[in-house]
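What follows is a set of notes on a single structure, which appears directly below.
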Amino acid sequence: MIRPYTQIAENLSAAGDRPQRMQTVVDALWDALADTAVSWVGFYVHEGGDELILGPRRDQPACSPIGLHGACGQAFRTRQPLIVRDVKDLGEGYIACDPRDRSEVVIPLLDSVGTCWGVLDLDSHQVDAFNESDVAGLTDLLRAAGLSGT
């Protein structure tokens, strides 16, 4: 299935403060992906220390704060996108906010000098729900919204 990232990006603006832009991205993704296997969309932000704090999200509750040992933490630390085909492959490193989740994609949020300030996380109840096309589309969307500079 081709995801509508380009269409979402075309309708986004880098105007407004960061939390507003984050909520706009979450809402747009949630609405556009409603008929897909995506079960959760949200941001985690780094406010210091060894944890990430839950930011704007849709529609389910999530864990917060989370340590840097899970998938979000790995993408944050490495500043590289992460596709998790099956969360069971992560073993003890997986932070299970929803035990039904089976796969996820995490995109680091980088400022203009490459410092990571948070991540965008999408989860699915299906194994192997995300691929490199999702990474590319989400990365472009985040740039369009002024949430990632690289």
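Chain labels run A, B, ... following the order of the structure tokens; each chain numbers its residues from 1, and ligands are numbered from 1 in the order shown.
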
Considering only C-alpha atoms, give me a table of residues in region 21-89 of chain A that are at most 10 Å from region 124-138 of chain A, with the closest atom pair and distance in Å for each, as a tab-separated table.
```
residue	atom	partner	partner_atom	distance
A:Val25	CA	A:Leu138	CA	9.9
A:Leu29	CA	A:Leu138	CA	9.4
A:Thr36	CA	A:Ser124	CA	8.8
A:Ala37	CA	A:Ser124	CA	5.5
A:Val38	CA	A:Ser124	CA	4.5
A:Ser39	CA	A:Ser124	CA	4.8
A:Trp40	CA	A:Ser124	CA	6.9
A:Val41	CA	A:Ser124	CA	9.3
A:Pro81	CA	A:Val135	CA	6.8
A:Leu82	CA	A:Val135	CA	8.2
A:Ile83	CA	A:Phe130	CA	6.6
A:Val84	CA	A:Asp128	CA	7.5
A:Arg85	CA	A:Asp128	CA	4.4
A:Asp86	CA	A:Val127	CA	5.3
A:Val87	CA	A:Val127	CA	8.1
A:Lys88	CA	A:Val127	CA	9.6
```

To test your reading of the structure, identify every residue in chain A that backbone DSSP assigns to strand (DSSP E or B), and report it as a PDB file with N, CA and C atoms, in the first residue's frame.
```
ATOM      1  N   VAL A  38      -1.860   0.952  11.121  1.00  0.00           N
ATOM      2  CA  VAL A  38      -1.249   1.814  12.135  1.00  0.00           C
ATOM      3  C   VAL A  38      -2.172   1.907  13.350  1.00  0.00           C
ATOM      4  N   SER A  39      -1.617   1.612  14.518  1.00  0.00           N
ATOM      5  CA  SER A  39      -2.412   1.592  15.757  1.00  0.00           C
ATOM      6  C   SER A  39      -2.108   2.762  16.687  1.00  0.00           C
ATOM      7  N   TRP A  40      -1.011   3.467  16.437  1.00  0.00           N
ATOM      8  CA  TRP A  40      -0.630   4.582  17.310  1.00  0.00           C
ATOM      9  C   TRP A  40       0.350   5.475  16.574  1.00  0.00           C
ATOM     10  N   VAL A  41       0.210   6.778  16.791  1.00  0.00           N
ATOM     11  CA  VAL A  41       1.117   7.774  16.229  1.00  0.00           C
ATOM     12  C   VAL A  41       1.423   8.775  17.331  1.00  0.00           C
ATOM     13  N   GLY A  42       2.689   9.067  17.545  1.00  0.00           N
ATOM     14  CA  GLY A  42       3.006  10.065  18.552  1.00  0.00           C
ATOM     15  C   GLY A  42       4.466  10.465  18.565  1.00  0.00           C
ATOM     16  N   PHE A  43       4.725  11.495  19.328  1.00  0.00           N
ATOM     17  CA  PHE A  43       6.068  12.023  19.511  1.00  0.00           C
ATOM     18  C   PHE A  43       6.543  11.757  20.932  1.00  0.00           C
ATOM     19  N   TYR A  44       7.838  11.555  21.054  1.00  0.00           N
ATOM     20  CA  TYR A  44       8.525  11.574  22.342  1.00  0.00           C
ATOM     21  C   TYR A  44       9.607  12.631  22.242  1.00  0.00           C
ATOM     22  N   VAL A  45       9.736  13.444  23.271  1.00  0.00           N
ATOM     23  CA  VAL A  45      10.737  14.511  23.265  1.00  0.00           C
ATOM     24  C   VAL A  45      11.732  14.309  24.407  1.00  0.00           C
ATOM     25  N   HIS A  46      12.928  14.796  24.163  1.00  0.00           N
ATOM     26  CA  HIS A  46      13.991  14.699  25.159  1.00  0.00           C
ATOM     27  C   HIS A  46      14.067  16.014  25.907  1.00  0.00           C
ATOM     28  N   GLU A  51      15.848   9.818  29.503  1.00  0.00           N
ATOM     29  CA  GLU A  51      14.490   9.407  29.196  1.00  0.00           C
ATOM     30  C   GLU A  51      13.854  10.343  28.180  1.00  0.00           C
ATOM     31  N   LEU A  52      12.799   9.836  27.565  1.00  0.00           N
ATOM     32  CA  LEU A  52      11.992  10.603  26.622  1.00  0.00           C
ATOM     33  C   LEU A  52      10.604  10.778  27.229  1.00  0.00           C
ATOM     34  N   ILE A  53      10.014  11.938  26.984  1.00  0.00           N
ATOM     35  CA  ILE A  53       8.712  12.290  27.534  1.00  0.00           C
ATOM     36  C   ILE A  53       7.680  12.296  26.398  1.00  0.00           C
ATOM     37  N   LEU A  54       6.521  11.753  26.666  1.00  0.00           N
ATOM     38  CA  LEU A  54       5.443  11.697  25.686  1.00  0.00           C
ATOM     39  C   LEU A  54       5.008  13.099  25.282  1.00  0.00           C
ATOM     40  N   GLY A  55       4.896  13.295  23.979  1.00  0.00           N
ATOM     41  CA  GLY A  55       4.407  14.554  23.421  1.00  0.00           C
ATOM     42  C   GLY A  55       3.055  14.326  22.769  1.00  0.00           C
ATOM     43  N   PRO A  56       2.699  15.139  21.776  1.00  0.00           N
ATOM     44  CA  PRO A  56       1.430  14.956  21.076  1.00  0.00           C
ATOM     45  C   PRO A  56       1.327  13.549  20.499  1.00  0.00           C
ATOM     46  N   ARG A  57       0.116  12.972  20.576  1.00  0.00           N
ATOM     47  CA  ARG A  57      -0.099  11.604  20.098  1.00  0.00           C
ATOM     48  C   ARG A  57      -1.567  11.394  19.799  1.00  0.00           C
ATOM     49  N   ARG A  58      -1.841  10.289  19.093  1.00  0.00           N
ATOM     50  CA  ARG A  58      -3.193   9.847  18.806  1.00  0.00           C
ATOM     51  C   ARG A  58      -3.213   8.340  18.899  1.00  0.00           C
ATOM     52  N   ILE A  66       9.829   7.226  29.070  1.00  0.00           N
ATOM     53  CA  ILE A  66      10.435   5.957  28.674  1.00  0.00           C
ATOM     54  C   ILE A  66      11.952   6.118  28.675  1.00  0.00           C
ATOM     55  N   GLY A  67      12.628   5.032  28.968  1.00  0.00           N
ATOM     56  CA  GLY A  67      14.085   5.043  28.954  1.00  0.00           C
ATOM     57  C   GLY A  67      14.620   5.027  27.532  1.00  0.00           C
ATOM     58  N   LEU A  82      14.556   3.874  12.567  1.00  0.00           N
ATOM     59  CA  LEU A  82      14.548   2.473  12.953  1.00  0.00           C
ATOM     60  C   LEU A  82      13.238   1.833  12.528  1.00  0.00           C
ATOM     61  N   ILE A  83      13.337   0.758  11.771  1.00  0.00           N
ATOM     62  CA  ILE A  83      12.178  -0.054  11.418  1.00  0.00           C
ATOM     63  C   ILE A  83      12.269  -1.336  12.231  1.00  0.00           C
ATOM     64  N   VAL A  84      11.233  -1.600  13.008  1.00  0.00           N
ATOM     65  CA  VAL A  84      11.183  -2.835  13.792  1.00  0.00           C
ATOM     66  C   VAL A  84      10.143  -3.728  13.140  1.00  0.00           C
ATOM     67  N   SER A 103       4.852  -4.195  15.361  1.00  0.00           N
ATOM     68  CA  SER A 103       5.942  -3.561  14.616  1.00  0.00           C
ATOM     69  C   SER A 103       5.861  -2.053  14.810  1.00  0.00           C
ATOM     70  N   GLU A 104       6.964  -1.382  14.471  1.00  0.00           N
ATOM     71  CA  GLU A 104       6.969   0.073  14.580  1.00  0.00           C
ATOM     72  C   GLU A 104       8.046   0.677  13.699  1.00  0.00           C
ATOM     73  N   VAL A 105       7.894   1.973  13.485  1.00  0.00           N
ATOM     74  CA  VAL A 105       8.904   2.756  12.787  1.00  0.00           C
ATOM     75  C   VAL A 105       9.126   4.000  13.630  1.00  0.00           C
ATOM     76  N   VAL A 106      10.395   4.352  13.821  1.00  0.00           N
ATOM     77  CA  VAL A 106      10.761   5.507  14.646  1.00  0.00           C
ATOM     78  C   VAL A 106      11.682   6.406  13.834  1.00  0.00           C
ATOM     79  N   ILE A 107      11.321   7.693  13.776  1.00  0.00           N
ATOM     80  CA  ILE A 107      12.093   8.669  13.020  1.00  0.00           C
ATOM     81  C   ILE A 107      12.670   9.696  13.992  1.00  0.00           C
ATOM     82  N   PRO A 108      14.001   9.852  14.044  1.00  0.00           N
ATOM     83  CA  PRO A 108      14.585  10.870  14.934  1.00  0.00           C
ATOM     84  C   PRO A 108      14.297  12.272  14.411  1.00  0.00           C
ATOM     85  N   LEU A 109      14.176  13.208  15.335  1.00  0.00           N
ATOM     86  CA  LEU A 109      13.928  14.604  15.010  1.00  0.00           C
ATOM     87  C   LEU A 109      15.216  15.375  15.262  1.00  0.00           C
ATOM     88  N   LEU A 110      15.787  15.898  14.192  1.00  0.00           N
ATOM     89  CA  LEU A 110      17.081  16.558  14.277  1.00  0.00           C
ATOM     90  C   LEU A 110      16.949  18.042  14.000  1.00  0.00           C
ATOM     91  N   CYS A 116      19.645  15.635  18.113  1.00  0.00           N
ATOM     92  CA  CYS A 116      18.344  14.983  18.198  1.00  0.00           C
ATOM     93  C   CYS A 116      17.591  15.516  19.414  1.00  0.00           C
ATOM     94  N   TRP A 117      16.350  15.959  19.193  1.00  0.00           N
ATOM     95  CA  TRP A 117      15.536  16.504  20.280  1.00  0.00           C
ATOM     96  C   TRP A 117      14.305  15.659  20.574  1.00  0.00           C
ATOM     97  N   GLY A 118      14.080  14.611  19.782  1.00  0.00           N
ATOM     98  CA  GLY A 118      12.932  13.731  20.001  1.00  0.00           C
ATOM     99  C   GLY A 118      12.780  12.745  18.865  1.00  0.00           C
ATOM    100  N   VAL A 119      11.646  12.032  18.874  1.00  0.00           N
ATOM    101  CA  VAL A 119      11.366  11.049  17.832  1.00  0.00           C
ATOM    102  C   VAL A 119       9.873  11.056  17.505  1.00  0.00           C
ATOM    103  N   LEU A 120       9.564  10.663  16.277  1.00  0.00           N
ATOM    104  CA  LEU A 120       8.200  10.344  15.863  1.00  0.00           C
ATOM    105  C   LEU A 120       8.101   8.825  15.837  1.00  0.00           C
ATOM    106  N   ASP A 121       7.057   8.291  16.435  1.00  0.00           N
ATOM    107  CA  ASP A 121       6.890   6.845  16.558  1.00  0.00           C
ATOM    108  C   ASP A 121       5.535   6.441  16.001  1.00  0.00           C
ATOM    109  N   LEU A 122       5.516   5.456  15.111  1.00  0.00           N
ATOM    110  CA  LEU A 122       4.280   4.855  14.628  1.00  0.00           C
ATOM    111  C   LEU A 122       4.326   3.378  14.959  1.00  0.00           C
ATOM    112  N   ASP A 123       3.221   2.850  15.485  1.00  0.00           N
ATOM    113  CA  ASP A 123       3.114   1.444  15.857  1.00  0.00           C
ATOM    114  C   ASP A 123       2.029   0.770  15.032  1.00  0.00           C
ATOM    115  N   SER A 124       2.117  -0.558  14.965  1.00  0.00           N
ATOM    116  CA  SER A 124       1.113  -1.345  14.256  1.00  0.00           C
ATOM    117  C   SER A 124       0.877  -2.660  14.981  1.00  0.00           C
TER     118      SER A 124
END
```

message: Could you list, as a list in words, every residue within 12 Å of Asp17 (chain A), counting only C-alpha atoms and ignoring same-chain residues fewer than 5 positions away?
response: Met22, Gln23, Thr24, Ala145, Gly146 and Leu147 of chain A

- line: Restricting to only C-alpha atoms, whichever of A:Asp89, A:Asp27, A:Asp98, A:Asp50 is closest to Leu68 (chain A) is A:Asp50

- request: If you run DSSP over the backbone, which residues in region 40-147 of chain A end up helix (DSSP H, G or I)? Put them as a list in words.
  value: Ala71, Cys72, Gly73, Gln74, Ala75, Phe76, Arg77, Thr78, Val87, Lys88, Asp89, Leu90, Gly91, Glu92, Gly93, Glu132, Ser133, Asp134, Val135, Ala136, Gly137, Leu138, Thr139, Asp140, Leu141, Leu142, Arg143 and Ala144 of chain A

task: Quick one: pull the distance between CA of Cys72 (chain A) and CA of Asp101 (chain A), Å, one decimal.
output: 14.1 Å

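One distance worth recording is that between CA of Ser148 (chain A) and CA of Pro61 (chain A), which is 24.6 Å.
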
message: Ranking A:His69, A:Gln60, A:Gly114, A:Arg77 by minimum distance to Cys97 (chain A) and counting only C-alpha atoms, which one comes first?
response: A:Gln60

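Between CA of Pro65 (chain A) and CA of Ala144 (chain A) lies a distance of 27.4 Å.
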
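If only C-alpha atoms are the atoms counted, then among A:Arg18, A:Arg100, A:Leu141, A:Asp59 the closest residue to Arg3 (chain A) is A:Leu141.
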